[in-house]
Amino acid sequence: MNPQHRVNTIIPSKSFVAQSFKPPTSTSEAQDRPLCSPHFDRIAVFGGLHHKPIGELFYKLYEDEPVAVGSAAFKPNRSRAPDDVYIRSRDIEGRSNPMANKLEFNCCPPQILQGHNFFGHNSLQDYVTAIFEQQVDKFNLRPSAEERHRWHYGDVDLSHVHLCANFWFPEGSQRMAIDAIDANNVEGKHRDDETCISLGYNGDSRSEYRSVTAYDKHVLLSKLWKRPGHYQSRILRTSRRSFRVEIKLFRRLLKEQGLAKVRDWRNQDVSALYFKYLAAFNIANSFQPLLTPDECTELKRGALRAYTLWLNGEDLSRHYGRTTVAKYIKEVRGTIGIDMAAHRRPEKLPPLNLAELLVPENVVPVPRWGIESGRYWWPGRAEEEYGARLLLPDEAAPEPPQIWTPDAGDFVYDEELDRLAL
C-alpha cells in the first residue's frame with residue numbers, strides 16, 4: 001500500500017487477524033481513473049446569468065416605492081419531475097423590469113443525470129456544465145455567449161461540495177462500524193438514524209468548514225426502491241456489500257483552500273483531497289487491536305506509562321499538560337501504531353480493521369454493467385453534448401477535444417466485482 005494513501009498512521013498488529021478483509025488488487029483499478037475514485041455527490045454553485053427571475057419576487061420599500069430585492073427558490077419535486085433541482089435567481093436589480101444577474105443551483109448531479117448517485121465521477125466542471133445547460137433549457141433561459149463560456153470554463157462560485165466513496169465492506173458489518181464511530185466520538189457528532197452518523201458538529205450546529213457522514217447506503221436505497229427493476233437490483237446487490245463515507249466541504253474552507261470556484265478544481269487531485277479530510281476525522285481508529293506486552297517493548301518509559309494509563313481508561317489530561325499529552329500521542333502512534341486520541345480503547349480481537357478498509361484500493365469501482373446500461377454519465381460527456389453551444393454562428397468548428405471515454409480496459413468485470421467483494 002502506498003503510504004501517502006493511508007487513512008491514518010495506524011499499523012495493524014500481527015495479532016489483528018479477526019475477519020480480515022482483503023482489498024481489491026486488480027490492476028484495472030488504477031487510482032487515477034475516475035471510475036475507481038471518490039466522486040462528486042451534492043454541489044451548490046452560482047454563476048453569472050442575466051435573466052428574468054424564476055421565482056416569485058420579494059420587495060422592500062425604497063423612497064416609498066417597492067423595489068425587488070430577491071426571489072423565491074424553485075424547489076425540487078421529484079415525484080413530479082425527476083430532473084428537478086433547487087434553483088434560485090440572485091443579485092436582482094431594476095425597478096420597472098427587475099432582472100437577476102446570477103443563477104444558483106443546489107443538487108446531486110449524478111442523481112439528476114443518471115437516476116441514482118451510488119456511483120459517479122470526479123469531474124466537477126463536467127457536472128456543472130451539464131446541470132447548467134439542462135436547467136437553462138428547462139426554464140427557457142437565453143445565456144449570452146460570454147455567460148455560457150464563463151460557466152463552461154469554471155468561472156462559477158462554489159458554496160459547498162460533497163465528495164463520497166463506497167468501500168467494499170463485509171456484509172452485515174455496517175451497523176457495527178457506525179456504532180463504533182459513535183462510541184469513539186464523545187462530542188461533535190449527529191445521528192439521524194441508526195444506520196448513519198455525522199461528525200463535524202459544534203453542539204447542534206454543523207461546522208462552517210467541513211463534516212463527514214458515514215452510512216449504510218443499501219438501507220437508503222432499499223427504502224427508496226420498493227419495487228426495484230433489473231438495473232436497480234444490481235445496484236442494490238453491490239451496495240449491500242459496501243460502506244459509504246461522504247466528506248462535505250463548505251464555503252469557508254473552500255475559500256481558505258483556494259477551491260471556491262469551479263475552475264480551481266481543474267488540476268485538483270480529488271482522491272487525494274478526499275482521503276486527506278477523511279484522515280482528519282480519525283474514523284479509522286474506531287477499531288484498534290490490543291497489543292501484546294512484547295509488542296509494546298519499543299515504547300520508552302514515559303510513553304509506556306501514558307499508554308498504560310490510557311489503556312486503563314484514564315483521561316491523560318488529568319495526568320499531563322496538553323503539550324505532553326500531544327507528545328505521547330504522537331510517540332505512541334508512530335512507534336506501535338495505536339492512536340491514543342481515540343475515545344474507544346483497543347480490543348483483543350476487533351471484528352473490523354477500518355484502517356485497511358477505508359483506503360483508495362478498496363473503493364468500489366463503477367461496474368461494467370453500469371456503463372453498458374447507457375445510464376452512466378461519464379466525465380467528458382457534458383463537453384461532448386453541449387460544447388457546440390459555445391460556438392458563434394460564424395465560427396468554424398474546432399478539432400474535437402480528446403475526451404476520455406470508457407473502454408474495455410477501464411473497468412473490472414462483473415465476475416471480478418463479485419470476487420473482490422467477498
# chains A, B, ... in the order shown; residues from 1 in each chain; ligands from 1
$ select_by_dssp --residues "range 136-351 of chain A" --states "strand (DSSP E)" --output "compact mmCIF listing (two decimals) with C-alpha atoms, in the first residue's frame"
# COMPACT_ATOMS: atom_id res chain seq x y z
CA ASP A 157 -18.63 30.19 -7.40
CA LEU A 158 -18.89 27.10 -5.23
CA SER A 159 -20.86 27.22 -1.95
CA HIS A 160 -20.33 23.63 -0.88
CA VAL A 161 -19.40 20.30 -2.34
CA HIS A 162 -19.80 16.69 -1.18
CA LEU A 163 -17.20 14.06 -2.08
CA CYS A 164 -18.12 10.47 -1.44
CA ALA A 165 -16.83 6.95 -1.93
CA ASN A 166 -18.28 3.49 -1.46
CA PHE A 167 -15.87 0.99 0.09
CA TRP A 168 -16.08 -2.77 -0.14
CA LYS A 189 -21.48 14.24 16.28
CA HIS A 190 -25.02 13.92 14.99
CA ARG A 191 -27.00 10.76 14.36
CA ASP A 192 -30.25 10.99 12.39
CA ASP A 193 -30.66 7.25 12.03
CA CYS A 196 -25.93 6.84 9.77
CA ILE A 197 -23.59 9.09 11.75
CA SER A 198 -22.12 12.53 11.03
CA LEU A 199 -19.05 14.16 12.60
CA TYR A 201 -20.70 19.49 14.67
CA ASN A 202 -20.44 22.23 17.30
CA SER A 205 -24.80 23.26 14.66
CA ARG A 206 -22.80 21.92 11.77
CA ARG A 210 -16.30 20.55 6.94
CA SER A 211 -18.12 17.46 8.14
CA VAL A 212 -18.26 13.76 7.34
CA THR A 213 -21.14 11.31 7.19
CA ALA A 214 -20.72 7.53 7.27
CA TYR A 215 -23.74 5.42 6.46
CA SER A 242 -20.37 -1.60 0.70
CA PHE A 243 -19.95 1.21 3.23
CA ARG A 244 -20.33 4.84 2.17
CA VAL A 245 -18.39 7.79 3.59
CA GLU A 246 -19.21 11.31 2.44
CA ILE A 247 -16.92 14.31 3.02
CA LYS A 248 -18.70 17.68 2.97
CA LEU A 249 -16.64 20.83 2.34
CA PHE A 250 -18.29 24.21 2.94
$ select_by_dssp --residues "range 150-243 of chain A" --states "alpha helix (DSSP H)" --output "ChimeraX atom specification"
/A:150-152,174-184,217-224,230-239
$ closest_residue --among "A:Phe105, A:Tyr386, A:Tyr59, A:Tyr209" --to "Val45 in chain A" --atoms "only C-alpha atoms"
A:Phe105
$ residues_around --residues "Val69 in chain A" --least-positions-apart "6" --cutoff "9 Å" --atoms "only C-alpha atoms" --output "PyMOL selection string"
chain A and resi 57-60+90-93
$ write_last_selection --atoms "N, CA, C and O atoms" --output "compact mmCIF listing (two decimals), in the first residue's frame"
# COMPACT_ATOMS: atom_id res chain seq x y z
N LEU A 57 -41.02 37.27 -6.76
CA LEU A 57 -40.13 38.33 -6.27
C LEU A 57 -40.52 38.79 -4.87
O LEU A 57 -41.70 38.79 -4.48
N PHE A 58 -39.49 39.20 -4.11
CA PHE A 58 -39.67 39.83 -2.81
C PHE A 58 -39.36 41.31 -2.97
O PHE A 58 -38.42 41.68 -3.69
N TYR A 59 -40.12 42.18 -2.28
CA TYR A 59 -39.95 43.63 -2.43
C TYR A 59 -39.71 44.30 -1.08
O TYR A 59 -40.15 43.79 -0.04
N LYS A 60 -39.02 45.42 -1.13
CA LYS A 60 -38.87 46.31 0.01
C LYS A 60 -39.13 47.73 -0.46
O LYS A 60 -38.91 48.05 -1.64
N ARG A 90 -30.51 35.24 -8.33
CA ARG A 90 -29.85 36.07 -7.33
C ARG A 90 -29.40 37.39 -7.95
O ARG A 90 -29.41 37.55 -9.17
N ASP A 91 -29.01 38.30 -7.06
CA ASP A 91 -28.48 39.62 -7.47
C ASP A 91 -29.49 40.32 -8.38
O ASP A 91 -29.20 40.64 -9.54
N ILE A 92 -30.67 40.59 -7.83
CA ILE A 92 -31.77 41.19 -8.60
C ILE A 92 -31.72 42.71 -8.51
O ILE A 92 -31.52 43.27 -7.43
N GLU A 93 -31.91 43.36 -9.64
CA GLU A 93 -31.91 44.83 -9.66
C GLU A 93 -32.86 45.34 -10.75
O GLU A 93 -33.25 44.59 -11.65
$ residues_around --residues "Pro346 in chain A" --least-positions-apart "2" --cutoff "8 Å" --atoms "only C-alpha atoms" --output "PyMOL selection string"
chain A and resi 287-290+311+344+348+350
$ write_last_selection --atoms "C-alpha atoms" --output "compact mmCIF listing (two decimals), in the first residue's frame"
# COMPACT_ATOMS: atom_id res chain seq x y z
CA PHE A 287 -11.35 -0.16 15.89
CA GLN A 288 -7.85 -0.83 17.22
CA PRO A 289 -6.11 -4.08 18.22
CA LEU A 290 -4.93 -4.70 21.77
CA LEU A 311 -5.45 1.65 28.18
CA ARG A 344 -12.64 3.77 22.32
CA LYS A 348 -8.20 -8.12 21.82
CA PRO A 350 -11.50 -6.37 16.88
$ atom_distance --atom1 "CA of Asn97 in chain A" --atom2 "CA of Val67 in chain A"
10.2 Å
$ closest_residue --among "A:Ala306, A:Ala280, A:Val364, A:Cys296" --to "Gly321 in chain A" --atoms "only C-alpha atoms"
A:Ala306
$ residues_around --residues "Leu236 in chain A" --least-positions-apart "3" --cutoff "8 Å" --atoms "only C-alpha atoms" --output "PyMOL selection string"
chain A and resi 218+221-222+232-233+239-240
$ write_last_selection --atoms "N, CA and C atoms" --output "PDB file, in the first residue's frame"
ATOM      1  N   HIS A 218     -27.079   1.019   1.314  1.00  0.00           N
ATOM      2  CA  HIS A 218     -28.029  -0.015   0.919  1.00  0.00           C
ATOM      3  C   HIS A 218     -29.375   0.178   1.614  1.00  0.00           C
ATOM      4  N   LEU A 221     -31.254   3.012  -0.177  1.00  0.00           N
ATOM      5  CA  LEU A 221     -31.750   2.611  -1.487  1.00  0.00           C
ATOM      6  C   LEU A 221     -32.902   1.621  -1.373  1.00  0.00           C
ATOM      7  N   SER A 222     -32.847   0.749  -0.391  1.00  0.00           N
ATOM      8  CA  SER A 222     -33.924  -0.237  -0.201  1.00  0.00           C
ATOM      9  C   SER A 222     -35.242   0.444   0.145  1.00  0.00           C
ATOM     10  N   GLN A 232     -31.729  -1.477 -10.979  1.00  0.00           N
ATOM     11  CA  GLN A 232     -31.707  -1.105  -9.573  1.00  0.00           C
ATOM     12  C   GLN A 232     -31.352  -2.298  -8.691  1.00  0.00           C
ATOM     13  N   SER A 233     -31.794  -3.477  -9.065  1.00  0.00           N
ATOM     14  CA  SER A 233     -31.472  -4.671  -8.282  1.00  0.00           C
ATOM     15  C   SER A 233     -29.972  -4.943  -8.284  1.00  0.00           C
ATOM     16  N   SER A 239     -24.449  -2.508  -3.387  1.00  0.00           N
ATOM     17  CA  SER A 239     -24.475  -1.640  -2.208  1.00  0.00           C
ATOM     18  C   SER A 239     -24.550  -2.433  -0.913  1.00  0.00           C
ATOM     19  N   ARG A 240     -25.119  -3.635  -0.970  1.00  0.00           N
ATOM     20  CA  ARG A 240     -25.237  -4.460   0.237  1.00  0.00           C
ATOM     21  C   ARG A 240     -23.855  -4.803   0.801  1.00  0.00           C
TER      22      ARG A 240
END
$ closest_residue --among "A:Glu208, A:Asn106, A:Tyr127, A:Arg95" --to "Arg251 in chain A" --atoms "only C-alpha atoms"
A:Glu208
$ atom_distance --atom1 "CA of Lys261 in chain A" --atom2 "CA of Val128 in chain A"
11.2 Å
$ closest_residue --among "A:Leu352, A:Val359, A:Ala284, A:Ile178" --to "Ile338 in chain A" --atoms "only C-alpha atoms"
A:Ala284
